[in-house]
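Quick look at query38.cif (mmCIF, C-alpha atoms):
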data_final
loop_
_atom_site.label_atom_id
_atom_site.label_comp_id
_atom_site.auth_asym_id
_atom_site.auth_seq_id
_atom_site.Cartn_x
_atom_site.Cartn_y
_atom_site.Cartn_z
CA MET A 1 22.32 -118.21 101.40
CA GLU A 2 19.01 -117.48 103.12
CA GLN A 3 16.91 -114.85 101.38
CA ILE A 4 15.42 -111.77 103.18
CA ASP A 5 11.81 -110.61 102.93
CA LEU A 6 11.74 -107.25 101.09
CA SER A 7 7.97 -106.97 100.96
CA LYS A 8 7.95 -104.46 103.85
CA LEU A 9 10.25 -102.17 101.86
CA GLU A 10 8.00 -102.48 98.81
CA VAL A 11 4.98 -101.51 100.92
CA ILE A 12 6.80 -98.40 102.23
CA ALA A 13 7.86 -97.43 98.70
CA ALA A 14 4.30 -97.79 97.41
CA LYS A 15 3.00 -95.80 100.38
CA TYR A 16 5.54 -93.02 99.73
CA PHE A 17 4.72 -92.61 96.04
CA ALA A 18 0.99 -92.66 96.76
CA GLN A 19 1.36 -89.82 99.29
CA ALA A 20 3.86 -87.90 97.13
CA ALA A 21 1.30 -87.82 94.30
CA GLU A 22 -1.01 -85.82 96.61
CA VAL A 23 1.58 -83.19 97.57
CA HIS A 24 0.81 -79.77 96.03
CA ASP A 25 2.23 -77.27 98.53
CA THR A 26 5.10 -76.83 100.97
CA ALA A 27 3.01 -77.77 104.01
CA ALA A 28 2.13 -81.19 102.52
CA LEU A 29 5.77 -81.60 101.44
CA GLU A 30 6.93 -81.13 105.02
CA THR A 31 4.38 -83.68 106.25
CA LEU A 32 5.75 -86.18 103.69
CA ARG A 33 9.32 -85.53 104.79
CA LEU A 34 8.54 -86.15 108.44
CA ALA A 35 6.53 -89.30 107.66
CA PHE A 36 9.37 -90.99 105.77
CA PHE A 37 12.66 -89.22 106.63
CA GLY A 38 12.02 -87.80 110.11
CA LYS A 39 13.44 -89.33 113.29
CA ASN A 40 10.23 -91.31 113.71
CA GLY A 41 9.66 -91.84 109.97
CA ASP A 42 9.38 -95.15 108.12
CA ILE A 43 12.98 -95.17 106.83
CA LYS A 44 14.35 -94.50 110.32
CA GLN A 45 12.20 -97.33 111.72
CA LEU A 46 13.58 -99.71 109.09
CA GLN A 47 17.12 -98.77 110.06
CA LYS A 48 16.37 -99.28 113.73
CA GLY A 49 14.99 -102.73 112.91
CA LEU A 50 18.33 -103.91 111.46
CA GLY A 51 19.38 -105.09 114.90
CA SER A 52 16.71 -107.79 114.93
CA VAL A 53 17.83 -109.28 111.59
CA VAL A 54 20.10 -112.32 111.72
CA ALA A 55 23.77 -111.38 111.34
CA GLU A 56 24.37 -113.09 108.01
CA LEU A 57 21.37 -111.32 106.38
CA ARG A 58 22.03 -107.91 107.96
CA PRO A 59 24.38 -106.53 105.20
CA GLN A 60 21.96 -107.51 102.44
CA TYR A 61 18.99 -106.03 104.31
CA GLY A 62 20.92 -102.83 105.17
CA GLN A 63 21.90 -102.38 101.52
CA ALA A 64 18.28 -102.75 100.46
CA ILE A 65 17.19 -100.14 103.00
CA ASN A 66 19.87 -97.70 101.79
CA GLU A 67 18.85 -98.22 98.18
CA LEU A 68 15.23 -97.49 99.12
CA LYS A 69 16.25 -94.42 101.11
CA THR A 70 18.33 -93.09 98.19
CA LYS A 71 15.49 -93.70 95.74
CA LEU A 72 12.88 -91.96 97.89
CA GLU A 73 15.19 -89.03 98.80
CA SER A 74 15.97 -88.47 95.11
CA ASP A 75 12.27 -88.35 94.32
CA PHE A 76 11.66 -86.04 97.31
CA VAL A 77 14.31 -83.55 96.12
CA ALA A 78 12.83 -83.56 92.62
CA LEU A 79 9.35 -82.99 94.06
CA LYS A 80 10.64 -80.13 96.23
CA ASP A 81 12.32 -78.45 93.23
CA LYS A 82 9.14 -78.81 91.22
CA LEU A 83 7.06 -77.12 93.93
CA GLU A 84 9.62 -74.30 94.38
CA GLN A 85 9.68 -73.60 90.64
CA ALA A 86 5.89 -73.56 90.55
CA ALA A 87 5.80 -71.13 93.50
CA HIS A 88 8.41 -68.91 91.81
CA ARG A 89 6.40 -68.81 88.58
CA ALA A 90 3.23 -67.96 90.53
CA LYS A 91 5.05 -65.16 92.34
CA GLN A 92 6.39 -63.75 89.08
CA ALA A 93 2.92 -63.82 87.58
CA SER A 94 1.43 -62.02 90.59
CA GLU A 95 4.15 -59.35 90.53
CA GLN A 96 4.10 -58.78 86.82
CA ILE A 97 3.80 -55.12 85.89
CA ASP A 98 1.21 -54.02 83.41
CA ILE A 99 3.15 -51.49 81.33
CA ASN A 100 -0.11 -50.14 79.96
CA LEU A 101 -1.08 -48.76 83.37
CA PRO A 102 -0.24 -45.10 84.10
CA ALA A 103 2.95 -44.61 86.12
CA LYS A 104 2.74 -43.73 89.77
CA GLY A 105 3.36 -40.06 90.46
CA THR A 106 6.81 -39.11 91.78
CA GLU A 107 6.95 -36.38 94.37
CA LEU A 108 9.91 -34.12 93.78
CA GLY A 109 11.47 -32.08 96.55
CA THR A 110 12.52 -28.47 96.28
CA LEU A 111 15.29 -26.20 97.43
CA HIS A 112 15.01 -24.83 100.94
CA PRO A 113 13.82 -21.19 100.87
CA ILE A 114 17.09 -20.02 102.45
CA THR A 115 19.07 -21.83 99.75
CA LYS A 116 16.89 -20.24 97.07
CA THR A 117 17.40 -16.78 98.58
CA ILE A 118 21.18 -17.20 98.73
CA GLN A 119 21.25 -18.42 95.13
CA ASP A 120 19.19 -15.40 94.05
CA MET A 121 21.73 -13.10 95.72
CA GLU A 122 24.63 -14.99 94.18
CA HIS A 123 23.11 -14.58 90.71
CA ILE A 124 22.79 -10.82 91.24
CA PHE A 125 26.47 -10.42 92.00
CA ILE A 126 27.74 -12.99 89.53
CA GLY A 127 26.03 -10.80 86.94
CA LEU A 128 28.14 -7.89 88.20
CA GLY A 129 31.35 -9.89 87.81
CA TYR A 130 31.78 -10.96 91.44
CA GLU A 131 33.12 -14.36 92.51
CA ILE A 132 31.75 -16.66 95.23
CA ALA A 133 34.21 -17.19 98.11
CA GLU A 134 33.78 -19.70 100.92
CA GLY A 135 35.68 -20.57 104.07
CA PRO A 136 35.55 -22.73 107.23
CA GLU A 137 32.81 -22.31 109.81
CA ILE A 138 35.30 -23.12 112.59
CA GLU A 139 37.66 -20.17 112.49
CA TRP A 140 40.73 -18.68 114.16
CA VAL A 141 39.87 -15.93 116.64
CA LYS A 142 42.58 -13.93 114.87
CA ASN A 143 40.68 -14.04 111.57
CA ASN A 144 37.28 -13.55 113.17
CA PHE A 145 38.27 -10.54 115.29
CA ASP A 146 41.90 -9.37 115.41
CA LEU A 147 42.56 -8.89 111.69
CA LEU A 148 39.14 -7.23 111.34
CA ASN A 149 40.28 -4.48 113.72
CA ILE A 150 37.95 -5.68 116.48
CA PRO A 151 39.89 -5.00 119.71
CA GLU A 152 39.96 -7.16 122.82
CA GLY A 153 37.20 -6.08 125.14
CA HIS A 154 34.79 -5.35 122.29
CA PRO A 155 31.26 -6.58 123.19
CA SER A 156 31.14 -8.91 120.18
CA ARG A 157 34.08 -10.87 121.63
CA GLU A 158 32.29 -11.70 124.88
CA PHE A 159 31.24 -15.29 125.62
CA SER A 160 27.64 -14.10 125.47
CA ASP A 161 28.12 -13.21 121.79
CA THR A 162 30.52 -15.89 120.49
CA PHE A 163 30.85 -19.67 120.66
CA TYR A 164 34.49 -20.39 121.63
CA LEU A 165 36.13 -23.78 121.24
CA ASN A 166 39.21 -22.49 123.06
CA ASP A 167 40.99 -19.14 123.41
CA LYS A 168 42.23 -19.29 119.79
CA ILE A 169 39.34 -20.97 117.91
CA CYS A 170 35.66 -20.11 117.65
CA LEU A 171 32.62 -20.66 115.48
CA ARG A 172 32.63 -17.74 113.07
CA THR A 173 30.21 -14.97 114.03
CA GLN A 174 30.14 -13.55 110.49
CA THR A 175 31.51 -14.54 107.08
CA SER A 176 34.05 -11.67 107.26
CA PRO A 177 36.92 -14.12 107.99
CA VAL A 178 36.44 -15.36 104.42
CA GLN A 179 37.24 -11.82 103.26
CA ILE A 180 40.39 -11.89 105.41
CA ARG A 181 41.51 -15.18 103.88
CA VAL A 182 40.93 -13.92 100.34
CA MET A 183 42.81 -10.65 100.95
CA GLN A 184 45.71 -12.55 102.52
CA ASN A 185 46.05 -14.89 99.56
CA ARG A 186 45.16 -12.74 96.57
CA LYS A 187 46.24 -9.39 95.26
CA PRO A 188 43.62 -6.81 94.26
CA PRO A 189 41.43 -6.30 92.35
CA ILE A 190 39.04 -8.34 94.51
CA TYR A 191 35.29 -8.58 93.87
CA ILE A 192 33.71 -11.32 95.98
CA ILE A 193 30.63 -12.26 97.96
CA CYS A 194 30.85 -14.65 100.90
CA PRO A 195 27.65 -16.59 101.63
CA GLY A 196 27.55 -19.02 104.52
CA LYS A 197 26.39 -20.17 107.91
CA VAL A 198 27.34 -18.21 111.05
CA TYR A 199 26.88 -18.78 114.78
CA ARG A 200 26.01 -16.58 117.73
CA PRO A 201 24.67 -17.65 121.15
CA ASP A 202 21.28 -15.97 120.73
CA THR A 203 18.14 -17.35 122.33
CA ALA A 204 15.82 -18.54 119.57
CA ASP A 205 12.70 -16.44 119.08
CA ALA A 206 10.68 -15.09 116.14
CA THR A 207 13.59 -12.95 114.86
CA HIS A 208 16.71 -14.55 116.37
CA SER A 209 18.51 -17.87 115.92
CA PRO A 210 21.87 -19.18 117.16
CA VAL A 211 22.54 -20.43 113.62
CA PHE A 212 21.77 -18.28 110.59
CA HIS A 213 23.15 -17.30 107.16
CA GLN A 214 24.93 -14.21 105.94
CA VAL A 215 25.92 -12.95 102.54
CA GLU A 216 28.81 -10.49 102.73
CA GLY A 217 30.39 -8.60 99.88
CA LEU A 218 33.89 -7.20 99.46
CA VAL A 219 35.45 -5.02 96.80
CA VAL A 220 39.11 -3.96 96.90
CA ASP A 221 40.57 -2.06 93.95
CA LYS A 222 42.19 1.20 93.01
CA GLY A 223 39.95 4.25 93.26
CA ILE A 224 37.00 2.63 95.05
CA ARG A 225 34.81 5.32 96.66
CA MET A 226 31.75 5.57 98.86
CA SER A 227 29.69 6.39 95.76
CA ASP A 228 30.59 2.95 94.35
CA LEU A 229 29.22 1.34 97.51
CA VAL A 230 26.01 3.40 97.32
CA GLY A 231 25.49 2.47 93.68
CA THR A 232 26.04 -1.22 94.42
CA LEU A 233 23.62 -1.14 97.36
CA LYS A 234 20.95 0.57 95.25
CA TYR A 235 21.30 -2.05 92.54
CA MET A 236 21.14 -4.89 95.07
CA ALA A 237 18.08 -3.42 96.82
CA LYS A 238 16.14 -3.06 93.58
CA ALA A 239 17.11 -6.56 92.45
CA LEU A 240 16.07 -8.09 95.78
CA PHE A 241 13.02 -6.06 96.78
CA GLY A 242 11.66 -4.59 93.56
CA ALA A 243 12.43 -1.89 91.00
CA ASN A 244 10.80 0.89 93.05
CA THR A 245 12.88 0.20 96.16
CA GLU A 246 14.97 3.06 97.54
CA ILE A 247 17.74 2.92 100.14
CA ARG A 248 18.53 5.11 103.12
CA LEU A 249 21.96 5.27 104.74
CA ARG A 250 22.41 6.11 108.43
CA PRO A 251 25.81 6.74 110.03
CA HIS A 252 27.03 3.92 112.24
CA HIS A 253 30.24 2.44 113.63
CA PHE A 254 31.78 -0.88 112.68
CA PRO A 255 35.44 -1.55 113.65
CA PHE A 256 36.25 -2.99 110.22
CA THR A 257 34.82 -0.17 108.07
CA GLU A 258 35.33 3.62 108.10
CA PRO A 259 33.06 5.38 107.36
CA SER A 260 30.30 2.92 108.24
CA CYS A 261 26.56 2.95 107.73
CA GLU A 262 23.41 1.01 108.35
CA VAL A 263 21.28 0.58 105.25
CA ASP A 264 17.48 0.73 105.18
CA VAL A 265 15.28 -0.16 102.22
CA THR A 266 11.75 0.86 101.31
CA CYS A 267 9.31 -1.24 103.32
CA TRP A 268 8.21 -4.21 101.22
CA LYS A 269 4.83 -4.28 102.99
CA CYS A 270 3.59 -0.72 102.65
CA HIS A 271 6.03 0.48 99.95
CA GLY A 272 6.99 3.48 102.05
CA SER A 273 3.63 4.70 103.33
CA GLY A 274 4.14 3.38 106.88
CA CYS A 275 2.91 0.19 108.54
CA PRO A 276 3.60 -2.03 111.59
CA THR A 277 6.40 -3.84 109.75
CA CYS A 278 8.42 -0.63 109.33
CA LYS A 279 7.00 0.92 112.53
CA GLY A 280 5.50 3.73 110.50
CA GLU A 281 8.84 4.89 109.04
CA GLY A 282 8.42 3.56 105.50
CA PHE A 283 11.92 2.01 105.65
CA VAL A 284 13.29 -1.24 107.15
CA GLU A 285 16.90 -1.82 108.20
CA VAL A 286 18.39 -4.78 106.32
CA LEU A 287 22.19 -4.57 106.32
CA GLY A 288 25.39 -2.88 107.40
CA ALA A 289 28.11 -1.53 105.12
CA GLY A 290 31.05 0.83 104.82
CA MET A 291 34.46 1.50 103.34
CA VAL A 292 37.06 -1.10 104.36
CA HIS A 293 39.12 0.25 107.23
CA PRO A 294 42.76 0.98 106.22
CA LYS A 295 43.97 -1.11 109.19
CA VAL A 296 42.13 -4.16 107.84
CA LEU A 297 43.78 -3.71 104.44
CA LYS A 298 47.18 -3.32 106.09
CA ASN A 299 46.59 -6.41 108.30
CA CYS A 300 46.13 -8.44 105.11
CA GLY A 301 49.21 -7.08 103.35
CA ILE A 302 47.37 -4.61 101.09
CA ASP A 303 48.68 -1.04 100.86
CA PRO A 304 45.81 1.31 101.87
CA ASP A 305 47.58 4.19 100.10
CA VAL A 306 47.18 2.37 96.78
CA TYR A 307 43.94 0.43 97.25
CA SER A 308 40.60 1.12 98.85
CA GLY A 309 37.43 -0.92 99.10
CA PHE A 310 33.96 -1.38 100.50
CA ALA A 311 32.17 -4.20 102.30
CA PHE A 312 28.62 -5.05 103.26
CA GLY A 313 26.76 -7.85 105.01
CA ILE A 314 23.13 -8.92 104.89
CA GLY A 315 21.22 -11.71 106.61
CA ALA A 316 19.76 -14.28 104.20
CA GLU A 317 16.95 -15.11 106.62
CA ARG A 318 15.91 -11.45 106.76
CA VAL A 319 15.68 -11.23 102.98
CA CYS A 320 13.85 -14.56 102.75
CA MET A 321 11.31 -13.52 105.39
CA ALA A 322 10.65 -10.33 103.43
CA HIS A 323 10.30 -12.17 100.10
CA TYR A 324 7.85 -14.77 101.36
CA ASP A 325 6.14 -12.82 104.14
CA ILE A 326 7.36 -15.24 106.84
CA ALA A 327 6.78 -14.07 110.40
CA ASP A 328 9.01 -16.44 112.41
CA ILE A 329 12.64 -17.32 111.68
CA ARG A 330 12.24 -20.64 113.51
CA TYR A 331 10.12 -22.01 110.65
CA PHE A 332 13.30 -22.36 108.56
CA SER A 333 14.83 -24.99 110.86
CA GLU A 334 11.77 -26.95 112.04
CA ASN A 335 11.70 -29.21 108.94
CA ASN A 336 7.93 -28.97 108.74
CA LEU A 337 7.00 -30.44 105.35
CA ARG A 338 3.79 -28.43 105.18
CA PHE A 339 5.85 -25.26 105.48
CA LEU A 340 8.55 -26.35 103.01
CA ALA A 341 6.03 -27.61 100.42
CA GLN A 342 4.91 -24.02 99.86
CA PHE A 343 8.15 -23.23 98.07
CA LYS A 344 7.86 -25.77 95.24
#
Would you encode the structure as structure tokens?
Amino acid sequence: MEQIDLSKLEVIAAKYFAQAAEVHDTAALETLRLAFFGKNGDIKQLQKGLGSVVAELRPQYGQAINELKTKLESDFVALKDKLEQAAHRAKQASEQIDINLPAKGTELGTLHPITKTIQDMEHIFIGLGYEIAEGPEIEWVKNNFDLLNIPEGHPSREFSDTFYLNDKICLRTQTSPVQIRVMQNRKPPIYIICPGKVYRPDTADATHSPVFHQVEGLVVDKGIRMSDLVGTLKYMAKALFGANTEIRLRPHHFPFTEPSCEVDVTCWKCHGSGCPTCKGEGFVEVLGAGMVHPKVLKNCGIDPDVYSGFAFGIGAERVCMAHYDIADIRYFSENNLRFLAQFK
């Protein structure tokens, strides 16, 4: 059988190994791959040349080409692995952490000032034996108005004062519906505060917001009197605004309490001497309160001839603005980090 000339294959093999010895990075590796294994590479050219070989020598020559291709590809894969491992080791070395270096500082966040204020108020009343009660922000109109003795036609039920989802559901305008739910599902004695978010369609300005927070309190027990409410309000005022704070009660009307009052506290700016904050009166209005109306007790299945109670409600934003001397309620919802960082 006639022998084939394999010298061309030996030349290509020698050429490959000479170039492979000079490969030290991925760019050179790609150049080597294209030169020998690409569509115009030496191996491909050898395969294309099979057609010009005499038929009886073609199988032997094809086998020799395949053996060369396998040998070179095996070496190429090994070379590629070697380069990848070297690159991985170099990357690890460059990213190695020096544990002797000081750690980078971690910036910790802080509670929002409204959250801090509500927690302060919760701690005051938890210390008095009260419980925290919560309820849904989307509420039945019945719970938000009817059971609180707020009649149809009352200004607070107008579309200008309440967000309605339909004629039976609204966004709660105060946390009083939580009191209704508690009284419906629990027998007295009841000592609770109800902190939470409330909604009213107010135009946002320095002192108004369509979304704000209230903390309401409710006590229902035997023998509860107006003097108990006054004592509780005095304690709360001193705990919130300072030991020298006094309160002043002014007669008012709320449908859900009788008698009702608005409660003023000693001005936290001038301490009673008179200033622009208190408009020269020495006192600032901060909350409303009163004795729970007998109709409200009866609406919730509580006998007003056996039990009595008091309730109050205060705006968390108002207290927070007084504590931190904040002039504009809109600062609380703007998410300005420079503003919030002050409360760390």
Leaving out range 189-205 of chain A and any residue of its chain fewer than 6 positions from it, which residues lie within 8 Å of it when counting only C-alpha atoms, given as JSON, numbers by chain? {"A": [118, 122, 125, 129, 130, 131, 132, 133, 134, 137, 160, 161, 162, 163, 171, 172, 173, 174, 175, 176, 178, 179, 183, 211, 212, 213, 214, 215, 216, 217, 218, 219, 220, 221, 222, 328, 329, 330]}
Got time to write the residues from that selection, C-alpha atoms, as a compact mmCIF listing (two decimals), in the coordinates of the input?
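File selection.txt, as written:
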# COMPACT_ATOMS: atom_id res chain seq x y z
CA ILE A 118 21.18 -17.20 98.73
CA GLU A 122 24.63 -14.99 94.18
CA PHE A 125 26.47 -10.42 92.00
CA GLY A 129 31.35 -9.89 87.81
CA TYR A 130 31.78 -10.96 91.44
CA GLU A 131 33.12 -14.36 92.51
CA ILE A 132 31.75 -16.66 95.23
CA ALA A 133 34.21 -17.19 98.11
CA GLU A 134 33.78 -19.70 100.92
CA GLU A 137 32.81 -22.31 109.81
CA SER A 160 27.64 -14.10 125.47
CA ASP A 161 28.12 -13.21 121.79
CA THR A 162 30.52 -15.89 120.49
CA PHE A 163 30.85 -19.67 120.66
CA LEU A 171 32.62 -20.66 115.48
CA ARG A 172 32.63 -17.74 113.07
CA THR A 173 30.21 -14.97 114.03
CA GLN A 174 30.14 -13.55 110.49
CA THR A 175 31.51 -14.54 107.08
CA SER A 176 34.05 -11.67 107.26
CA VAL A 178 36.44 -15.36 104.42
CA GLN A 179 37.24 -11.82 103.26
CA MET A 183 42.81 -10.65 100.95
CA VAL A 211 22.54 -20.43 113.62
CA PHE A 212 21.77 -18.28 110.59
CA HIS A 213 23.15 -17.30 107.16
CA GLN A 214 24.93 -14.21 105.94
CA VAL A 215 25.92 -12.95 102.54
CA GLU A 216 28.81 -10.49 102.73
CA GLY A 217 30.39 -8.60 99.88
CA LEU A 218 33.89 -7.20 99.46
CA VAL A 219 35.45 -5.02 96.80
CA VAL A 220 39.11 -3.96 96.90
CA ASP A 221 40.57 -2.06 93.95
CA LYS A 222 42.19 1.20 93.01
CA ASP A 328 9.01 -16.44 112.41
CA ILE A 329 12.64 -17.32 111.68
CA ARG A 330 12.24 -20.64 113.51
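Here CA of Ala87 in chain A stands at a distance of 10.3 Å from CA of His24 in chain A.
Note that CA of Leu233 in chain A and CA of Glu285 in chain A are 12.8 Å apart.
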For Ala35 in chain A, which of A:Lys142, A:Lys71, A:Lys48, A:Lys15 is the closest residue, counting all atoms listed in the file?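 Of the candidates, the smallest distance to Ala35 in chain A is held by A:Lys15.
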Please return, as a PyMOL selection string, all polymer residues that have at least one atom within 12 Å of the point (13.0, -2.2, 105.0); use only C-alpha atoms and the file's own coordinate frame. chain A and resi 237-238+240-242+245-249+262-287+318-319+321-323
CA of His293 in chain A and CA of Pro255 in chain A are how many Å apart? 7.6 Å
Can you pull out the residues contacting Ile43 in chain A? Cut-off 10 Å, using only C-alpha atoms, and skip same-chain residues under 2 positions away; I want them as a list in words.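 With the cut-off at 10 Å, the set is Leu9, Ile12, Ala13, Ala35, Phe36, Phe37, Gly38, Lys39, Asn40, Gly41, Gln45, Leu46, Gln47, Lys48, Gly49, Ile65, Asn66, Leu68, Lys69 and Leu72 of chain A.
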Hey, which bits of range 269-295 of chain A sit within 6 Å of range 303-317 of chain A, and for each residue what's the closest pair of atoms and how far apart in Å (one decimal), counting only C-alpha atoms, rows by chain and increasing number, as CSV?
residue,atom,partner,partner_atom,distance
A:Leu287,CA,A:Ile314,CA,4.7
A:Gly288,CA,A:Phe312,CA,5.7
A:Ala289,CA,A:Phe312,CA,4.0
A:Gly290,CA,A:Phe310,CA,5.7
A:Met291,CA,A:Phe310,CA,4.1
A:Val292,CA,A:Phe310,CA,5.0
A:Pro294,CA,A:Pro304,CA,5.3
Considering all atoms listed in the file, can you say which of A:Pro113, A:Arg181, A:Gly223, A:Ile124 comes closest to Ser333 in chain A? A:Pro113
Can you list, as a PyMOL selection string, every protein, DNA or RNA residue that comes within 12 Å of Ala341 in chain A when you count only C-alpha atoms, leaving out same-chain residues fewer than 2 positions away? chain A and resi 107-113+335-339+343-344
Evaluate the PyMOL selection byres ((chain A and resi 6) around 12) and report residues as JSON, numbers by chain: {"A": [3, 4, 5, 7, 8, 9, 10, 11, 12, 13, 46, 57, 60, 61, 62, 63, 64, 65, 67, 68]}
Rank nothing, just name the residue among A:Phe256, A:Tyr164, A:Tyr235, A:Tyr331 nearest to Asp146 in chain A, using all atoms listed in the file.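 Among A:Phe256, A:Tyr164, A:Tyr235, A:Tyr331, it is A:Phe256 that comes nearest to Asp146 in chain A.
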Please rebuild range 223-239 of chain A with N, CA and C atoms and give the result as an mmCIF file, in the frame of the given file.
data_model
loop_
_atom_site.group_PDB
_atom_site.id
_atom_site.type_symbol
_atom_site.label_atom_id
_atom_site.label_comp_id
_atom_site.auth_asym_id
_atom_site.auth_seq_id
_atom_site.Cartn_x
_atom_site.Cartn_y
_atom_site.Cartn_z
ATOM 1 N N GLY A 223 40.945 3.222 93.526
ATOM 2 C CA GLY A 223 39.950 4.250 93.260
ATOM 3 C C GLY A 223 38.537 3.928 93.691
ATOM 4 N N ILE A 224 38.356 2.962 94.575
ATOM 5 C CA ILE A 224 37.000 2.630 95.050
ATOM 6 C C ILE A 224 36.545 3.710 96.040
ATOM 7 N N ARG A 225 35.333 4.233 95.825
ATOM 8 C CA ARG A 225 34.810 5.320 96.660
ATOM 9 C C ARG A 225 33.471 4.938 97.280
ATOM 10 N N MET A 226 33.039 5.792 98.199
ATOM 11 C CA MET A 226 31.750 5.570 98.860
ATOM 12 C C MET A 226 30.619 5.559 97.834
ATOM 13 N N SER A 227 30.740 6.351 96.792
ATOM 14 C CA SER A 227 29.690 6.390 95.760
ATOM 15 C C SER A 227 29.558 5.041 95.061
ATOM 16 N N ASP A 228 30.658 4.288 94.945
ATOM 17 C CA ASP A 228 30.590 2.950 94.350
ATOM 18 C C ASP A 228 29.781 2.006 95.244
ATOM 19 N N LEU A 229 29.989 2.148 96.563
ATOM 20 C CA LEU A 229 29.220 1.340 97.510
ATOM 21 C C LEU A 229 27.735 1.685 97.412
ATOM 22 N N VAL A 230 27.414 2.984 97.382
ATOM 23 C CA VAL A 230 26.010 3.400 97.320
ATOM 24 C C VAL A 230 25.350 2.871 96.049
ATOM 25 N N GLY A 231 26.038 2.963 94.936
ATOM 26 C CA GLY A 231 25.490 2.470 93.680
ATOM 27 C C GLY A 231 25.238 0.971 93.705
ATOM 28 N N THR A 232 26.188 0.236 94.318
ATOM 29 C CA THR A 232 26.040 -1.220 94.420
ATOM 30 C C THR A 232 24.858 -1.584 95.320
ATOM 31 N N LEU A 233 24.721 -0.862 96.433
ATOM 32 C CA LEU A 233 23.620 -1.140 97.360
ATOM 33 C C LEU A 233 22.272 -0.832 96.719
ATOM 34 N N LYS A 234 22.203 0.242 95.936
ATOM 35 C CA LYS A 234 20.950 0.570 95.250
ATOM 36 C C LYS A 234 20.577 -0.530 94.261
ATOM 37 N N TYR A 235 21.562 -0.988 93.516
ATOM 38 C CA TYR A 235 21.300 -2.050 92.540
ATOM 39 C C TYR A 235 20.832 -3.318 93.239
ATOM 40 N N MET A 236 21.502 -3.687 94.332
ATOM 41 C CA MET A 236 21.140 -4.890 95.070
ATOM 42 C C MET A 236 19.729 -4.773 95.644
ATOM 43 N N ALA A 237 19.395 -3.611 96.210
ATOM 44 C CA ALA A 237 18.080 -3.420 96.820
ATOM 45 C C ALA A 237 16.969 -3.549 95.785
ATOM 46 N N LYS A 238 17.162 -2.970 94.623
ATOM 47 C CA LYS A 238 16.140 -3.060 93.580
ATOM 48 C C LYS A 238 16.008 -4.493 93.052
ATOM 49 N N ALA A 239 17.152 -5.177 92.938
ATOM 50 C CA ALA A 239 17.110 -6.560 92.450
ATOM 51 C C ALA A 239 16.440 -7.495 93.436
#
